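S.K.: Dumping the structure here so I can ask a few things about it.
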Number of protein chains: 2
Amino acid sequence: MATVSKEDYLSVIFKNLDDKNEVKANVIAEKLSISNAAVTDMLKKLSNEDLVIYEKYKSIKLTENGFLYAKNMVRRHRIWEMFLHQVVGIPWDKVHEEAEKLEHSSSDYLINKIEEMLNFPEFDPHGDPIPAKDLKLPKQKKSVKLSLMKINQKGRVVRVNDFDNEFLSYISKIGIELNAKLKVKEIREFDKSMHILVGNKDWNISQKIADNIFIEIIDKGNL
Amino acid sequence: MATVSKEDYLSVIFKNLDDKNEVKANVIAEKLSISNAAVTDMLKKLSNEDLVIYEKYKSIKLTENGFLYAKNMVRRHRIWEMFLHQVVGIPWDKVHEEAEKLEHSSSDYLINKIEEMLNFPEFDPHGDPIPAKDLKLPKQKKSVKLSLMKINQKGRVVRVNDFDNEFLSYISKIGIELNAKLKVKEIREFDKSMHILVGNKDWNISQKIADNIFIEIIDKGNL
DNA sequence: CTTTTAATTTAAGCTTACTTAAATTAAAAA
DNA sequence: TTTTTAATTTAAGTAAGCTTAAATTAAAAG
Ligand SMILES: [Mn+2]
Ligand SMILES: [Mn+2]
Ligand SMILES: [Mn+2]
Ligand SMILES: [Mn+2]
């Protein structure tokens, strides 16, 4: 049976799959802020329901079913975010928190209605891809971490990590939003902090901030 | 702490208060489709949290706190219904079910935003009053059960009971919606079924249907 | 006033989803 | 290869929210 907890486990697993499509139990516990013991417990249950592949001491994989379920959760989450942002006018940094609850409390019927109303968006307010009704993911633009950009490079914000309110609220305040253009003016080797230009304003941001912002580089051809 | 269960208990208690502002444990169990034993259990917990007044073998009352909490739940529920109906375009007979879940998964912040967007509606899609932010209830129009109307009386639908999908879907199909005008053409004493005119169409409805529709009588002065 | 019936409570038990502490296993370092 | 460390599992226990069955109490009927 589907419960709020199980749904959150599946989402977290899906979002943290590595290059081998696996996650460590470890990571799940950390992301959900619960003990490792609780994770072991739940993984056995999810395994019984054919949602994850669980073998003692090994990394976790999703089954076919688990993949579908997880992708549908991500779909629900991101459609809610888009709706809250675009239709209700909830700011960028508050939609994630609300969607984290709403995703468990809405029928597929409702999600489909909302999606239709939004005219089938491909990306959520943070630039993350929204799985379509058939659960296929739209292709994402190639992007690099802002922290990896070089001096004088220019780019466009195409995605930001959405898991920390304070981070989102802060970058919002310095003018960083989806599609915002920026330029790297200086990089201090000492702490890897950066001086960037957003619009016509200068800001100094830490490496940790820059690590969570993803940029599509604008090269000369694009100017 | 507030959980989905507790919130549903409070809503059910509030909606079923009698003239003395009391409910029997009995009624709660029935409305929530759970055992009486479970209700006793939960009432003790709610009492410890100063939400209900519980004394062995006596009817249940709400405390001041309980009243406020319950009214806020009703507010959330009805604002969601209105939003789903008006903004998302979900039909009359499906909004209740969705709102029953969403009411537990939305912050007051979000509810207030939605209310604002709807321009502070006073009644939900079923004609039930929506508590305002200060939890005051708007005054309702005087109304009578359709089943109590007399032959040749005319009226306007001002409220319908919203707890049964099939009922709502059916009356929707025969043209009964909020503010619809109708006239009683015949009443069969045998089973109290009625012949009514809705718009320009005739329908025969059972007493049970007519019991759940509330009408503002239109007397000659109003024609 | 006594009996019957209906409502309510108690008792015992279950599942879900957690916790902490201790034990085990696997992986990394020496 | 052995040792150390880190990840994982097991064990025991808790709280929430249910269940059924049995016991108790209050209210209604006689
Ligand atoms: Mn969630
Ligand atoms: Mn997002
Ligand atoms: Mn509910
Ligand atoms: Mn309603």
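Just remember, in the structure tokens the first chain shown is A, the second B, etc., residues are 1-based per chain, and ligands are 1-based in the order shown.
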Select all residues from chain A having any atom no more than 8 Å from an atom of chain C (counting only C-alpha atoms (C1' of nucleotides), ignoring ligands), output as an mmCIF file with all heavy atoms, in the first residue's frame.
M.R.:
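Result file follows (out_27.cif):
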```
data_model
loop_
_atom_site.group_PDB
_atom_site.id
_atom_site.type_symbol
_atom_site.label_atom_id
_atom_site.label_comp_id
_atom_site.auth_asym_id
_atom_site.auth_seq_id
_atom_site.Cartn_x
_atom_site.Cartn_y
_atom_site.Cartn_z
ATOM 1 N N SER A 35 16.976 7.330 11.030
ATOM 2 C CA SER A 35 18.084 6.413 11.334
ATOM 3 C C SER A 35 18.275 5.376 10.225
ATOM 4 O O SER A 35 17.356 5.075 9.469
ATOM 5 C CB SER A 35 17.803 5.678 12.637
ATOM 6 O OG SER A 35 16.740 4.773 12.459
ATOM 7 N N ALA A 38 15.875 2.424 10.547
ATOM 8 C CA ALA A 38 14.534 2.634 9.993
ATOM 9 C C ALA A 38 14.531 2.376 8.491
ATOM 10 O O ALA A 38 13.582 1.799 7.942
ATOM 11 C CB ALA A 38 14.055 4.053 10.281
ATOM 12 N N TYR A 57 23.243 -5.697 2.674
ATOM 13 C CA TYR A 57 24.528 -4.999 2.568
ATOM 14 C C TYR A 57 24.825 -4.432 1.176
ATOM 15 O O TYR A 57 25.874 -3.866 0.955
ATOM 16 C CB TYR A 57 25.685 -5.900 3.028
ATOM 17 C CG TYR A 57 25.628 -6.246 4.491
ATOM 18 C CD1 TYR A 57 25.195 -7.496 4.914
ATOM 19 C CD2 TYR A 57 25.965 -5.291 5.455
ATOM 20 C CE1 TYR A 57 25.117 -7.806 6.263
ATOM 21 C CE2 TYR A 57 25.885 -5.593 6.797
ATOM 22 C CZ TYR A 57 25.478 -6.840 7.216
ATOM 23 O OH TYR A 57 25.397 -7.143 8.542
#
```
S.K.: Could you please extract the residues within 7 Å of ligand 1, counting only C-alpha atoms (C1' of nucleotides) and all ligand atoms, and hand them back as an NGL selection string?
M.R.: :A and (4 or 7-8 or 100-101 or 103-104)
S.K.: Which residues of chain B have any atom within 9 Å of an atom in chain A when counting only C-alpha atoms, and what is the closest pair of atoms for each, with the distance in Å to one decimal? Order the rows by chain and rising number and write it as a tab-separated table.
M.R.:
```
residue	atom	partner	partner_atom	distance
B:Leu84	CA	A:Leu110	CA	8.8
B:Val88	CA	A:Ile114	CA	6.6
B:Gly89	CA	A:Lys113	CA	8.1
B:Ile90	CA	A:Lys113	CA	8.0
B:Glu98	CA	A:Ser106	CA	6.5
B:Ala99	CA	A:Ser106	CA	8.9
B:Glu100	CA	A:Ser105	CA	8.9
B:Lys101	CA	A:Ser105	CA	5.3
B:Leu102	CA	A:Ser105	CA	5.6
B:Glu103	CA	A:Ser105	CA	8.9
B:His104	CA	A:Ser105	CA	8.3
B:Ser105	CA	A:Lys101	CA	5.3
B:Ser106	CA	A:Glu98	CA	6.5
B:Ser107	CA	A:Glu98	CA	7.3
B:Leu110	CA	A:Glu98	CA	7.9
B:Lys113	CA	A:Val88	CA	6.9
B:Ile114	CA	A:Val88	CA	6.6
B:Met117	CA	A:Val88	CA	7.1
```
S.K.: Kindly determine which residues of chain D lie within 8 Å of chain A, considering only C-alpha atoms (C1' of nucleotides), and give the answer as a list in words.
M.R.: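 Using only C-alpha atoms (C1' of nucleotides), chain D residues at most 8 Å from chain A: DA7, DT8 and DT9 of chain D.
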S.K.: Quick one: write out the picked residues with N, CA, C and O atoms (P, O5', C5', C4', C3', O3' and C1' of nucleotides) as an mmCIF file, in the first residue's frame?
M.R.:
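The file below, again_12.cif, is the result:
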```cif
data_model
loop_
_atom_site.group_PDB
_atom_site.id
_atom_site.type_symbol
_atom_site.label_atom_id
_atom_site.label_comp_id
_atom_site.auth_asym_id
_atom_site.auth_seq_id
_atom_site.Cartn_x
_atom_site.Cartn_y
_atom_site.Cartn_z
ATOM 1 P P DA D 7 30.020 5.602 6.074
ATOM 2 O "O5'" DA D 7 29.180 4.288 5.770
ATOM 3 C "C5'" DA D 7 29.607 3.414 4.728
ATOM 4 C "C4'" DA D 7 28.778 2.152 4.785
ATOM 5 C "C3'" DA D 7 27.277 2.399 4.850
ATOM 6 O "O3'" DA D 7 26.696 1.590 3.834
ATOM 7 C "C1'" DA D 7 27.951 0.945 6.616
ATOM 8 P P DT D 8 25.162 1.523 3.547
ATOM 9 O "O5'" DT D 8 24.701 0.335 4.502
ATOM 10 C "C5'" DT D 8 25.210 -0.974 4.264
ATOM 11 C "C4'" DT D 8 24.702 -1.911 5.332
ATOM 12 C "C3'" DT D 8 23.193 -1.866 5.541
ATOM 13 O "O3'" DT D 8 22.680 -3.098 5.044
ATOM 14 C "C1'" DT D 8 24.394 -2.027 7.595
ATOM 15 P P DT D 9 21.166 -3.538 5.209
ATOM 16 O "O5'" DT D 9 21.200 -4.328 6.592
ATOM 17 C "C5'" DT D 9 22.004 -5.506 6.696
ATOM 18 C "C4'" DT D 9 21.869 -6.061 8.097
ATOM 19 C "C3'" DT D 9 20.436 -6.383 8.520
ATOM 20 O "O3'" DT D 9 20.402 -7.734 8.934
ATOM 21 C "C1'" DT D 9 21.542 -5.100 10.186
#
```
S.K.: What is the CA of Asn165 in chain A-CA of His96 in chain A distance in Å, reported with one decimal?
M.R.: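 One can read the CA of Asn165 in chain A to CA of His96 in chain A distance as 8.2 Å.
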S.K.: List all protein, DNA and RNA residues that have at least one atom no more than 7 Å from any atom of ligand 4, counting only C-alpha atoms (C1' of nucleotides) and all ligand atoms, and write them as a ChimeraX atom specification.
M.R.: /B:78,81,96,124-126,128,162
S.K.: Using DSSP on the backbone coordinates, identify the residues of range 91-159 of chain A assigned to alpha helix (DSSP H); present them as a ChimeraX atom specification.
M.R.: /A:95-102,108-117
S.K.: Per DSSP on the backbone, what are the strand (DSSP E or B) residues of chain A, as a ChimeraX atom specification?
M.R.: /A:23,52-53,60-62,123,129,144-145,154-160,181-188,193-198,201-205,213-218
S.K.: Work out how far apart CA of Lys141 in chain A and CA of Asn65 in chain A are and give it in Å to one decimal.
M.R.: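 Computing the Euclidean distance for CA of Lys141 in chain A and CA of Asn65 in chain A yields 27.8 Å.
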